[in-house]
Each structure stands twice: as C-alpha cells, then as structure tokens.
>>> print(open('structure.cif').read())   # mmCIF, C-alpha atoms
data_start
#
loop_
_atom_site.group_PDB
_atom_site.id
_atom_site.type_symbol
_atom_site.label_atom_id
_atom_site.label_comp_id
_atom_site.auth_asym_id
_atom_site.auth_seq_id
_atom_site.Cartn_x
_atom_site.Cartn_y
_atom_site.Cartn_z
ATOM 1 C CA MET E 1 98.144 104.606 176.868
ATOM 2 C CA PHE E 2 96.204 107.119 174.754
ATOM 3 C CA VAL E 3 92.709 105.871 175.580
ATOM 4 C CA THR E 4 91.169 103.296 177.875
ATOM 5 C CA ILE E 5 91.476 100.043 175.950
ATOM 6 C CA GLN E 6 88.611 97.622 176.485
ATOM 7 C CA ALA E 7 89.750 95.370 173.658
ATOM 8 C CA CYS E 8 92.594 95.709 171.227
ATOM 9 C CA SER E 9 90.630 95.471 167.991
ATOM 10 C CA LEU E 10 91.679 96.428 164.500
ATOM 11 C CA SER E 11 89.294 99.359 164.674
ATOM 12 C CA PHE E 12 91.289 100.633 167.659
ATOM 13 C CA VAL E 13 94.522 100.266 165.716
ATOM 14 C CA ARG E 14 93.216 102.153 162.712
ATOM 15 C CA ALA E 15 91.740 104.904 164.841
ATOM 16 C CA PHE E 16 94.641 105.483 167.210
ATOM 17 C CA ALA E 17 97.767 103.479 166.496
ATOM 18 C CA MET E 18 98.300 103.864 162.758
ATOM 19 C CA PRO E 19 99.680 107.410 163.077
ATOM 20 C CA ARG E 20 102.413 106.264 165.442
ATOM 21 C CA ARG E 21 105.984 106.686 164.563
ATOM 22 C CA ASN E 22 108.065 105.251 161.785
ATOM 23 C CA LEU E 23 111.341 103.927 163.150
ATOM 24 C CA HIS E 24 113.187 103.770 159.851
ATOM 25 C CA THR E 25 115.641 106.483 160.890
ATOM 26 C CA LYS E 26 119.370 106.644 160.364
ATOM 27 C CA SER E 27 120.022 107.047 164.084
ATOM 28 C CA GLN E 28 121.141 104.165 166.264
ATOM 29 C CA VAL E 29 120.115 106.099 169.396
ATOM 30 C CA LEU E 30 116.451 106.282 170.344
ATOM 31 C CA ARG E 31 115.791 109.717 171.844
ATOM 32 C CA ARG E 32 112.455 109.373 173.604
ATOM 33 C CA VAL E 33 113.397 111.741 176.429
ATOM 34 C CA LEU E 34 115.720 114.719 175.987
ATOM 35 C CA PHE E 35 116.274 115.806 179.573
ATOM 36 C CA ASN E 36 117.498 119.387 179.845
ATOM 37 C CA VAL E 37 119.833 120.348 182.684
ATOM 38 C CA PRO E 38 121.327 123.842 183.207
ATOM 39 C CA GLY E 39 125.083 123.594 182.849
ATOM 40 C CA SER E 40 125.520 126.066 185.695
ATOM 41 C CA ASP E 41 123.569 124.008 188.237
ATOM 42 C CA GLN E 42 125.772 121.303 189.734
ATOM 43 C CA ARG E 43 122.983 120.027 191.963
ATOM 44 C CA LYS E 44 120.754 119.316 188.977
ATOM 45 C CA ILE E 45 123.617 117.772 187.011
ATOM 46 C CA LYS E 46 124.313 115.425 189.922
ATOM 47 C CA LYS E 47 120.626 114.568 190.133
ATOM 48 C CA ALA E 48 120.625 113.704 186.420
ATOM 49 C CA THR E 49 123.257 111.023 187.038
ATOM 50 C CA THR E 50 120.684 109.140 189.141
ATOM 51 C CA LEU E 51 117.974 109.143 186.454
ATOM 52 C CA ASP E 52 117.266 106.589 183.723
ATOM 53 C CA LEU E 53 117.613 108.707 180.600
ATOM 54 C CA ASP E 54 117.947 108.249 176.877
ATOM 55 C CA CYS E 55 119.725 111.604 176.611
ATOM 56 C CA VAL E 56 120.954 114.237 179.019
ATOM 57 C CA VAL E 57 121.188 117.724 177.502
ATOM 58 C CA LEU E 58 123.749 119.850 179.332
ATOM 59 C CA ASP E 59 122.571 123.365 178.608
ATOM 60 C CA LEU E 60 124.682 126.431 177.912
ATOM 61 C CA GLU E 61 121.846 128.457 176.410
ATOM 62 C CA ASP E 62 118.519 129.647 177.827
ATOM 63 C CA GLY E 63 118.841 127.680 181.059
ATOM 64 C CA VAL E 64 121.966 129.619 182.042
ATOM 65 C CA ALA E 65 122.101 133.263 183.150
ATOM 66 C CA ILE E 66 124.399 135.451 181.101
ATOM 67 C CA ASN E 67 126.746 136.000 184.048
ATOM 68 C CA GLN E 68 127.030 132.249 184.572
ATOM 69 C CA LYS E 69 128.033 131.277 181.029
ATOM 70 C CA THR E 70 131.744 130.940 181.800
ATOM 71 C CA ALA E 71 131.171 128.738 184.822
ATOM 72 C CA ALA E 72 128.630 126.680 182.918
ATOM 73 C CA ARG E 73 131.083 125.924 180.118
ATOM 74 C CA GLN E 74 133.582 124.453 182.556
ATOM 75 C CA GLY E 75 130.872 122.633 184.475
ATOM 76 C CA VAL E 76 129.580 121.034 181.297
ATOM 77 C CA VAL E 77 133.049 119.841 180.259
ATOM 78 C CA ASP E 78 133.511 118.291 183.690
ATOM 79 C CA ALA E 79 130.090 116.620 183.486
ATOM 80 C CA VAL E 80 130.798 115.144 180.059
ATOM 81 C CA GLN E 81 134.193 113.841 181.142
ATOM 82 C CA HIS E 82 133.462 112.642 184.675
ATOM 83 C CA GLY E 83 129.682 112.391 185.034
ATOM 84 C CA GLU E 84 128.284 108.871 185.290
ATOM 85 C CA PHE E 85 125.023 109.104 183.369
ATOM 86 C CA GLY E 86 124.558 105.393 182.789
ATOM 87 C CA ARG E 87 123.212 104.577 179.335
ATOM 88 C CA ALA E 88 122.300 108.216 178.615
ATOM 89 C CA GLU E 89 123.730 109.900 175.551
ATOM 90 C CA ARG E 90 125.633 113.040 176.569
ATOM 91 C CA LEU E 91 124.549 116.108 174.617
ATOM 92 C CA ILE E 92 125.517 119.773 174.890
ATOM 93 C CA ARG E 93 123.135 122.559 173.921
ATOM 94 C CA MET E 94 125.289 125.449 172.791
ATOM 95 C CA ASN E 95 124.221 129.065 172.386
ATOM 96 C CA ALA E 96 122.592 130.053 169.117
ATOM 97 C CA ILE E 97 124.627 130.845 166.022
ATOM 98 C CA GLY E 98 124.715 134.627 165.787
ATOM 99 C CA SER E 99 124.171 135.168 169.497
ATOM 100 C CA GLY E 100 127.750 136.320 170.016
ATOM 101 C CA LEU E 101 128.269 133.500 172.501
ATOM 102 C CA GLU E 102 128.744 130.555 170.177
ATOM 103 C CA GLN E 103 132.454 131.133 169.493
ATOM 104 C CA GLN E 104 133.237 131.091 173.202
ATOM 105 C CA ASP E 105 131.151 127.916 173.576
ATOM 106 C CA ILE E 106 133.286 126.277 170.910
ATOM 107 C CA ALA E 107 136.610 127.520 172.257
ATOM 108 C CA ASP E 108 135.988 126.945 175.974
ATOM 109 C CA CYS E 109 133.580 124.017 176.040
ATOM 110 C CA LEU E 110 132.832 122.061 172.888
ATOM 111 C CA LYS E 111 136.463 121.562 171.876
ATOM 112 C CA ALA E 112 137.357 120.163 175.293
ATOM 113 C CA ALA E 113 134.185 118.065 175.425
ATOM 114 C CA VAL E 114 134.976 116.520 172.042
ATOM 115 C CA ALA E 115 138.465 115.655 173.297
ATOM 116 C CA THR E 116 137.016 113.585 176.157
ATOM 117 C CA GLY E 117 135.641 111.082 173.654
ATOM 118 C CA ARG E 118 132.397 110.923 175.639
ATOM 119 C CA LEU E 119 130.307 113.567 173.880
ATOM 120 C CA GLY E 120 127.445 112.120 171.859
ATOM 121 C CA GLY E 121 126.127 115.193 170.151
ATOM 122 C CA VAL E 122 125.489 118.915 170.015
ATOM 123 C CA VAL E 123 122.045 120.502 170.195
ATOM 124 C CA VAL E 124 122.049 123.583 167.980
ATOM 125 C CA PRO E 125 119.290 125.978 169.080
ATOM 126 C CA LYS E 126 117.339 128.469 166.974
ATOM 127 C CA VAL E 127 118.375 126.891 163.687
ATOM 128 C CA GLU E 128 117.079 128.971 160.799
ATOM 129 C CA SER E 129 119.163 127.721 157.897
ATOM 130 C CA ALA E 130 121.455 124.922 156.796
ATOM 131 C CA ALA E 131 124.373 127.314 157.324
ATOM 132 C CA HIS E 132 123.853 127.147 161.086
ATOM 133 C CA LEU E 133 124.383 123.385 161.073
ATOM 134 C CA ASP E 134 127.265 123.640 158.618
ATOM 135 C CA TYR E 135 129.016 126.062 160.973
ATOM 136 C CA VAL E 136 128.970 123.547 163.805
ATOM 137 C CA GLY E 137 129.649 120.598 161.495
ATOM 138 C CA LYS E 138 132.811 122.205 160.139
ATOM 139 C CA PHE E 139 134.065 122.799 163.667
ATOM 140 C CA LEU E 140 133.482 119.141 164.539
ATOM 141 C CA ASP E 141 135.256 118.074 161.333
ATOM 142 C CA SER E 142 138.286 120.067 162.435
ATOM 143 C CA CYS E 143 138.641 118.526 165.881
ATOM 144 C CA GLU E 144 137.397 114.939 165.662
ATOM 145 C CA THR E 145 140.227 112.430 165.614
ATOM 146 C CA GLY E 146 138.298 109.332 164.589
ATOM 147 C CA GLY E 147 135.773 107.025 166.138
ATOM 148 C CA GLU E 148 132.048 107.664 166.222
ATOM 149 C CA ARG E 149 130.930 110.907 164.612
ATOM 150 C CA ILE E 150 129.436 113.449 166.985
ATOM 151 C CA LYS E 151 125.802 113.981 166.058
ATOM 152 C CA LEU E 152 123.817 117.160 165.517
ATOM 153 C CA ILE E 153 120.337 117.896 166.815
ATOM 154 C CA ALA E 154 118.610 120.925 165.323
ATOM 155 C CA ALA E 155 116.049 122.929 167.298
ATOM 156 C CA ILE E 156 113.414 124.762 165.271
ATOM 157 C CA GLU E 157 112.255 127.836 167.154
ATOM 158 C CA SER E 158 111.101 130.412 164.581
ATOM 159 C CA ALA E 159 108.949 130.958 161.508
ATOM 160 C CA ARG E 160 112.070 131.240 159.353
ATOM 161 C CA GLY E 161 113.374 127.933 160.679
ATOM 162 C CA LEU E 162 110.056 126.265 159.904
ATOM 163 C CA LEU E 163 110.024 127.622 156.346
ATOM 164 C CA ASN E 164 113.576 126.363 155.794
ATOM 165 C CA LEU E 165 112.957 122.868 157.160
ATOM 166 C CA ARG E 166 113.744 121.118 153.895
ATOM 167 C CA SER E 167 117.229 122.587 153.513
ATOM 168 C CA ILE E 168 117.874 122.171 157.241
ATOM 169 C CA CYS E 169 116.971 118.479 157.081
ATOM 170 C CA GLU E 170 119.302 118.055 154.103
ATOM 171 C CA ALA E 171 122.256 119.654 155.905
ATOM 172 C CA GLN E 172 125.091 117.650 157.483
ATOM 173 C CA PRO E 173 123.663 114.255 156.455
ATOM 174 C CA ASN E 174 126.397 112.341 158.287
ATOM 175 C CA ARG E 175 125.704 114.132 161.555
ATOM 176 C CA LEU E 176 122.127 115.410 161.725
ATOM 177 C CA GLU E 177 119.805 112.870 163.350
ATOM 178 C CA THR E 178 117.059 114.720 165.201
ATOM 179 C CA ILE E 179 114.789 117.734 164.773
ATOM 180 C CA VAL E 180 113.445 119.298 167.983
ATOM 181 C CA PHE E 181 110.475 121.650 168.198
ATOM 182 C CA ALA E 182 110.947 124.507 170.672
ATOM 183 C CA SER E 183 107.378 125.735 171.042
ATOM 184 C CA GLU E 184 107.741 128.661 173.418
ATOM 185 C CA ASP E 185 110.357 130.447 171.315
ATOM 186 C CA PHE E 186 108.266 129.709 168.228
ATOM 187 C CA VAL E 187 105.198 131.265 169.844
ATOM 188 C CA ALA E 188 107.203 134.336 170.827
ATOM 189 C CA ASP E 189 108.627 134.664 167.320
ATOM 190 C CA THR E 190 105.283 134.364 165.555
ATOM 191 C CA GLY E 191 103.164 136.345 168.015
ATOM 192 C CA MET E 192 100.812 133.441 168.613
ATOM 193 C CA THR E 193 98.736 133.097 171.763
ATOM 194 C CA ARG E 194 99.690 129.918 173.601
ATOM 195 C CA THR E 195 96.753 127.775 174.667
ATOM 196 C CA PRO E 196 96.575 124.544 176.697
ATOM 197 C CA ALA E 197 95.187 122.665 173.682
ATOM 198 C CA ALA E 198 98.108 123.886 171.520
ATOM 199 C CA VAL E 199 95.897 124.067 168.410
ATOM 200 C CA GLU E 200 97.913 127.083 167.274
ATOM 201 C CA LEU E 201 100.971 124.820 166.989
ATOM 202 C CA LEU E 202 99.359 122.053 164.956
ATOM 203 C CA PHE E 203 100.793 123.183 161.610
ATOM 204 C CA ALA E 204 104.323 123.659 162.952
ATOM 205 C CA ARG E 205 104.366 120.332 164.780
ATOM 206 C CA SER E 206 102.979 118.484 161.753
ATOM 207 C CA ALA E 207 105.533 120.113 159.473
ATOM 208 C CA ILE E 208 108.398 119.056 161.718
ATOM 209 C CA VAL E 209 107.200 115.439 161.860
ATOM 210 C CA THR E 210 106.645 115.290 158.098
ATOM 211 C CA HIS E 211 110.061 116.693 157.219
ATOM 212 C CA ALA E 212 111.892 114.621 159.827
ATOM 213 C CA VAL E 213 110.310 111.355 158.676
ATOM 214 C CA ALA E 214 110.972 112.207 155.020
ATOM 215 C CA TYR E 215 114.686 112.583 155.751
ATOM 216 C CA GLY E 216 115.065 109.700 158.192
ATOM 217 C CA LEU E 217 115.391 111.943 161.238
ATOM 218 C CA GLN E 218 113.785 111.666 164.660
ATOM 219 C CA PRO E 219 111.200 114.375 165.485
ATOM 220 C CA VAL E 220 111.180 115.391 169.158
ATOM 221 C CA ASP E 221 108.231 117.323 170.533
ATOM 222 C CA MET E 222 107.997 120.463 172.648
ATOM 223 C CA VAL E 223 108.596 120.652 176.378
ATOM 224 C CA CYS E 224 105.642 120.774 178.777
ATOM 225 C CA LEU E 225 106.406 123.722 181.048
ATOM 226 C CA ASP E 226 103.676 122.856 183.559
ATOM 227 C CA TYR E 227 105.812 120.127 185.106
ATOM 228 C CA LYS E 228 103.589 119.766 188.183
ATOM 229 C CA ASP E 229 100.488 118.908 186.133
ATOM 230 C CA ASN E 230 100.768 115.245 185.201
ATOM 231 C CA ALA E 231 97.423 115.227 183.375
ATOM 232 C CA THR E 232 98.534 118.022 181.053
ATOM 233 C CA LEU E 233 101.847 116.288 180.376
ATOM 234 C CA THR E 234 100.148 112.957 179.671
ATOM 235 C CA ALA E 235 97.628 114.493 177.265
ATOM 236 C CA GLU E 236 100.251 116.603 175.488
ATOM 237 C CA THR E 237 102.641 113.662 175.114
ATOM 238 C CA ALA E 238 99.871 111.423 173.791
ATOM 239 C CA ASP E 239 98.983 114.070 171.214
ATOM 240 C CA GLY E 240 102.602 114.229 170.106
ATOM 241 C CA ALA E 241 102.873 110.456 169.826
ATOM 242 C CA ARG E 242 99.740 110.325 167.685
ATOM 243 C CA MET E 243 101.172 113.028 165.446
ATOM 244 C CA GLY E 244 104.288 110.930 164.849
ATOM 245 C CA PHE E 245 106.831 112.431 167.228
ATOM 246 C CA THR E 246 109.338 109.905 168.515
ATOM 247 C CA GLY E 247 110.215 111.673 171.750
ATOM 248 C CA LYS E 248 109.748 114.739 173.907
ATOM 249 C CA GLN E 249 111.838 117.226 175.832
ATOM 250 C CA ALA E 250 111.713 117.146 179.621
ATOM 251 C CA ILE E 251 112.766 119.592 182.335
ATOM 252 C CA HIS E 252 111.807 117.751 185.526
ATOM 253 C CA PRO E 253 112.366 114.172 186.744
ATOM 254 C CA ASN E 254 108.613 113.712 187.229
ATOM 255 C CA GLN E 255 108.124 114.039 183.475
ATOM 256 C CA ILE E 256 110.380 111.158 182.488
ATOM 257 C CA GLU E 257 108.211 108.102 183.151
ATOM 258 C CA PRO E 258 104.994 109.559 181.606
ATOM 259 C CA ILE E 259 106.961 110.326 178.443
ATOM 260 C CA TYR E 260 108.448 106.832 178.288
ATOM 261 C CA ARG E 261 104.984 105.383 178.827
ATOM 262 C CA ALA E 262 103.465 107.407 175.981
ATOM 263 C CA PHE E 263 106.103 106.216 173.515
ATOM 264 C CA ARG E 264 105.907 102.574 174.590
ATOM 265 C CA PRO E 265 103.190 100.498 172.877
ATOM 266 C CA ALA E 266 100.658 98.812 175.129
ATOM 267 C CA ASP E 267 100.989 95.036 175.504
ATOM 268 C CA LYS E 268 97.711 94.470 173.645
ATOM 269 C CA VAL E 269 98.946 96.548 170.721
ATOM 270 C CA VAL E 270 102.228 94.597 170.616
ATOM 271 C CA ASP E 271 100.319 91.308 170.696
ATOM 272 C CA LEU E 272 98.136 92.396 167.777
ATOM 273 C CA ALA E 273 101.197 93.501 165.808
ATOM 274 C CA ARG E 274 102.809 90.095 166.307
ATOM 275 C CA ARG E 275 99.647 88.307 165.167
ATOM 276 C CA ILE E 276 99.529 90.476 162.054
ATOM 277 C CA ILE E 277 103.150 89.654 161.218
ATOM 278 C CA ASP E 278 102.550 85.933 161.794
ATOM 279 C CA GLY E 279 99.402 86.042 159.682
ATOM 280 C CA ASN E 280 101.172 87.848 156.872
ATOM 281 C CA GLU E 281 104.007 85.312 156.820
ATOM 282 C CA ALA E 282 101.490 82.490 156.592
ATOM 283 C CA ALA E 283 99.593 84.285 153.828
ATOM 284 C CA GLN E 284 102.775 84.896 151.852
ATOM 285 C CA ARG E 285 103.715 81.224 152.077
ATOM 286 C CA ALA E 286 100.270 80.372 150.740
ATOM 287 C CA GLY E 287 100.695 82.795 147.857
ATOM 288 C CA LYS E 288 98.109 85.252 149.174
ATOM 289 C CA GLY E 289 98.260 89.011 149.566
ATOM 290 C CA ALA E 290 95.598 90.259 151.957
ATOM 291 C CA PHE E 291 94.382 87.925 154.683
ATOM 292 C CA GLU E 292 91.732 87.822 157.396
ATOM 293 C CA LEU E 293 92.337 88.411 161.096
ATOM 294 C CA ASP E 294 89.626 88.817 163.730
ATOM 295 C CA GLY E 295 87.009 89.127 161.013
ATOM 296 C CA ARG E 296 88.799 91.918 159.112
ATOM 297 C CA MET E 297 90.967 91.998 156.046
ATOM 298 C CA ILE E 298 94.620 92.870 156.620
ATOM 299 C CA ASP E 299 96.508 94.582 153.809
ATOM 300 C CA MET E 300 100.086 95.799 153.429
ATOM 301 C CA PRO E 301 99.671 99.159 155.233
ATOM 302 C CA MET E 302 98.590 97.253 158.347
ATOM 303 C CA VAL E 303 101.566 94.917 157.993
ATOM 304 C CA LYS E 304 103.874 97.945 157.785
ATOM 305 C CA TRP E 305 102.255 99.368 160.901
ATOM 306 C CA ALA E 306 102.837 96.081 162.736
ATOM 307 C CA ARG E 307 106.490 96.036 161.708
ATOM 308 C CA ASN E 308 106.969 99.555 163.050
ATOM 309 C CA ILE E 309 105.368 98.621 166.360
ATOM 310 C CA LEU E 310 107.749 95.683 166.764
ATOM 311 C CA LEU E 311 110.721 97.816 165.741
ATOM 312 C CA GLN E 312 109.677 100.275 168.412
ATOM 313 C CA VAL E 313 109.582 97.518 171.026
ATOM 314 C CA ASP E 314 113.021 96.252 169.998
ATOM 315 C CA ALA E 315 114.541 99.746 169.992
ATOM 316 C CA ALA E 316 112.980 101.052 173.199
ATOM 317 C CA PRO E 317 114.019 99.299 176.398
ATOM 318 C CA PRO E 318 111.677 100.007 179.283
ATOM 319 C CA PRO E 319 113.052 102.336 181.969
ATOM 320 C CA SER E 320 115.614 100.971 184.435
ATOM 321 C CA GLN E 321 117.046 98.511 181.907
#
>>> encode(input="structure.cif", output="structure tokens")
Amino acid sequence: MFVTIQACSLSFVRAFAMPRRNLHTKSQVLRRVLFNVPGSDQRKIKKATTLDLDCVVLDLEDGVAINQKTAARQGVVDAVQHGEFGRAERLIRMNAIGSGLEQQDIADCLKAAVATGRLGGVVVPKVESAAHLDYVGKFLDSCETGGERIKLIAAIESARGLLNLRSICEAQPNRLETIVFASEDFVADTGMTRTPAAVELLFARSAIVTHAVAYGLQPVDMVCLDYKDNATLTAETADGARMGFTGKQAIHPNQIEPIYRAFRPADKVVDLARRIIDGNEAAQRAGKGAFELDGRMIDMPMVKWARNILLQVDAAPPPSQ
C-alpha cells in the first residue's frame, strides 16, 4: 500500500492510516476512479466499455478539439444511450460556463443525454462560483422528469475557484456530490512551477479535501499526466490518499488498478480495524471507555478510524466485481 508493512501495529495506523478518508458523504456512488475519455474518440469510448470503472467521464471540453465539438456532442449522447459500461456511472464533462460553448452543450448534448435516463451526472469544469453550478442545476431542474436526480461534480481549476470553495460546496445541495482538483489548469492560472513532488499544490489540495469533507462531498485528486510511469502514479496516488482524497482522475487504462489499490485498505489494516471495533463493543458492554489492544490504549478517535476503514471496505468492491 503506502509503505512496506512488516507488521500492522497501532503505531503504523497512527502514522499512516489515520489521515485516510472519511466516508460519511451524502453520495451513494463511490468515485475512486474518474476515467476521462474524449467524446470525439470512438475508439477510446469503445475501449472504456471493456474496463472496470467506477465512473466514465465522456469529455466535451479540453479533450476535444474545437473543430470536433459538434461531432463529440452527438458521440457522447450515443455513448450514454447505447454504451455498455457495466457498473460505471456515466458522466459528461461539459465546456466551462462562460466559454461560449456551454449553451450548445446543453442544447445539443446534455438535454438529449438526460432524456435517455442513463446519465448519472455532469462534471462542470473551471467552477469559480456557486453561480456556475446553479446555472447547470437550473437547466437540469427544467428537463428532469422524475427518478434519480442527476448529480453535479465541480472541478476547481483556478485561484478564484479555490478562494470560493465554501460557497461552491454549499451550492446545489441536492445535486453536488464531488469536488475535483484540476492541477494543471490551477498551475497555469496561478503561475506556479509544476514539480514532480507537487509541494506547490499542497495548500490547494488540502483546502479541497477540508472543504469537501466539511460538506459531505467526495474530494477527487488531480490526474497524473505521466501515464507511462507507474512509480510516479503510485507515489502521487498514495500521497492523495494520505491527504484524505477519496479518488483520483485517470486518463489511461494502465492507471486504473494502481488507483484502486491505493484507495483499498490492506488486509492487515482491515483486520486491525475489525479487532478495534470488536474490542470497543466488549469495552462498552463492560461499562468502559478506553481499552487495551496489543499493549496500547484505544480511545474513541481510533474507534472512529476503524469504522471508516470498514465503511470503506463495504463501499468499495474490488475491481472486476
């Protein structure tokens, strides 16, 4: 997982596992992998139907050349309606509000995709204010005819978006479920120098996790562009998991399994969590608060950690299930 585990001790848990995610979110869909596919590339869309995915993101935005937008809109509608993506949630990433392309996305793609009854949600890129989400939410209100509400996923890609996180997280409470960090656009907007260690992004990533958790939303980490370097992906994903992210964006099939692995607790960690829960139940029956396990005292924060680990196991089926 994150380190080589010689023994799953409580010291290991406190040092590495305590920062892991809190699963008390309002979403019923666990988005560990958001797999981005250009809506104009039928070969890649077909390939996505063969993959085990939590979510497939059919892209109309940066992954599509400007002269391919029209074709992509129709291709995405067809993929939502006829594509067999297995258990994957079908998402559409529209063009940014204010880009001049969003109205055509709504008229020629989103409206038809909603009518299929198979669209799970809309990824709204470059969100800088609550008004951006309200714009899309009002459109969905006007065309939904019942059934499950279509969800919103907000991508934070600029300094202004980061500063407005609180109001963004409060917007569209019946639709908004996930906050995504788009690192490369953020770096371009702020003038930062991108480094392999990503230390320049620590504040932004931490802010996104903190706000998402506070509002019961899922924080999804940045994409690893170096898709051929498995070591970089593994290290970057592990960092994100330790920070509290619940998932990560992906752009290549080779990235899927390492991301699943990073967000799946090791067997030894799960075993320890179960022993903590069992020990706490026994202690509560005996009228005790803290109790001893493996020579250490266990208090309520550790019990809460154990509950989150087991919730994660329950909510996250391993790949190919």
>>> resolve_selection(input="structure.cif", expression="the PyMOL selection byres ((chain E and resi 217-230) around 7)", output="list of chain:residue names")
E:Thr25, E:Lys26, E:Glu177, E:Thr178, E:Ile179, E:Val180, E:Phe181, E:Ala182, E:Ser183, E:Ile208, E:Val209, E:Ala212, E:Val213, E:Tyr215, E:Gly216, E:Ala231, E:Thr232, E:Leu233, E:Thr234, E:Gly240, E:Phe245, E:Thr246, E:Gly247, E:Lys248, E:Gln249, E:Ala250, E:His252, E:Gln255
>>> resolve_selection(input="structure.cif", expression="the PyMOL selection byres ((chain E and resi 310) around 10)", output="number ranges by chain")
E: 23, 265, 269-271, 273-274, 277, 305-309, 311-316
>>> atom_distance(input="structure.cif", atom1="CA of Ile168 (chain E)", atom2="CA of Ile156 (chain E)")
9.5 Å
>>> residues_around(input="structure.cif", residues="region 112-117 of chain E", least_positions_apart="4", cutoff="9 Å", atoms="all atoms listed in the file", output="VMD selection string")
chain E and resid 76 to 78 80 to 81 92 106 to 108 140 143 to 145 147 to 148 150
>>> closest_residue(input="structure.cif", among="E:Met192, E:Met243, E:Ala290, E:Ile251", to="Leu58 (chain E)", atoms="only C-alpha atoms")
E:Ile251
>>> atom_distance(input="structure.cif", atom1="CA of Ser206 (chain E)", atom2="CA of Tyr260 (chain E)")
21.0 Å
>>> resolve_selection(input="structure.cif", expression="the PyMOL selection byres ((chain E and resi 121) around 6)", output="mmCIF file with C-alpha atoms, keeping the file's coordinate frame")
data_model
loop_
_atom_site.group_PDB
_atom_site.id
_atom_site.type_symbol
_atom_site.label_atom_id
_atom_site.label_comp_id
_atom_site.auth_asym_id
_atom_site.auth_seq_id
_atom_site.Cartn_x
_atom_site.Cartn_y
_atom_site.Cartn_z
ATOM 1 C CA LEU E 91 124.549 116.108 174.617
ATOM 2 C CA LEU E 119 130.307 113.567 173.880
ATOM 3 C CA GLY E 120 127.445 112.120 171.859
ATOM 4 C CA VAL E 122 125.489 118.915 170.015
ATOM 5 C CA ILE E 150 129.436 113.449 166.985
ATOM 6 C CA LYS E 151 125.802 113.981 166.058
ATOM 7 C CA LEU E 152 123.817 117.160 165.517
#
>>> closest_residue(input="structure.cif", among="E:Ala71, E:Ala238, E:Ala65, E:Ala188", to="Phe263 (chain E)", atoms="only C-alpha atoms")
E:Ala238
>>> closest_residue(input="structure.cif", among="E:Ser167, E:Arg175, E:Ala282, E:Glu157", to="Asp189 (chain E)", atoms="all atoms listed in the file")
E:Glu157
>>> residues_around(input="structure.cif", residues="Arg93 (chain E)", least_positions_apart="3", cutoff="9 Å", atoms="all atoms listed in the file", output="list in words")
Asn36, Val57, Leu58, Asp59, Leu60, Glu61, Ala96, Gly121, Val122, Val123, Val124, Pro125 and Ile153 of chain E
>>> atom_distance(input="structure.cif", atom1="CA of Ala262 (chain E)", atom2="CA of Gly244 (chain E)")
11.7 Å
>>> residues_near_point(input="structure.cif", point="(114.5, 108.1, 174.6)", cutoff="8 Å", atoms="all atoms listed in the file", output="ChimeraX atom specification")
/E:29-34,53-55,247,260,316
>>> closest_residue(input="structure.cif", among="E:Leu101, E:Asp134, E:Gly83, E:Val303", to="Leu272 (chain E)", atoms="all atoms listed in the file")
E:Val303
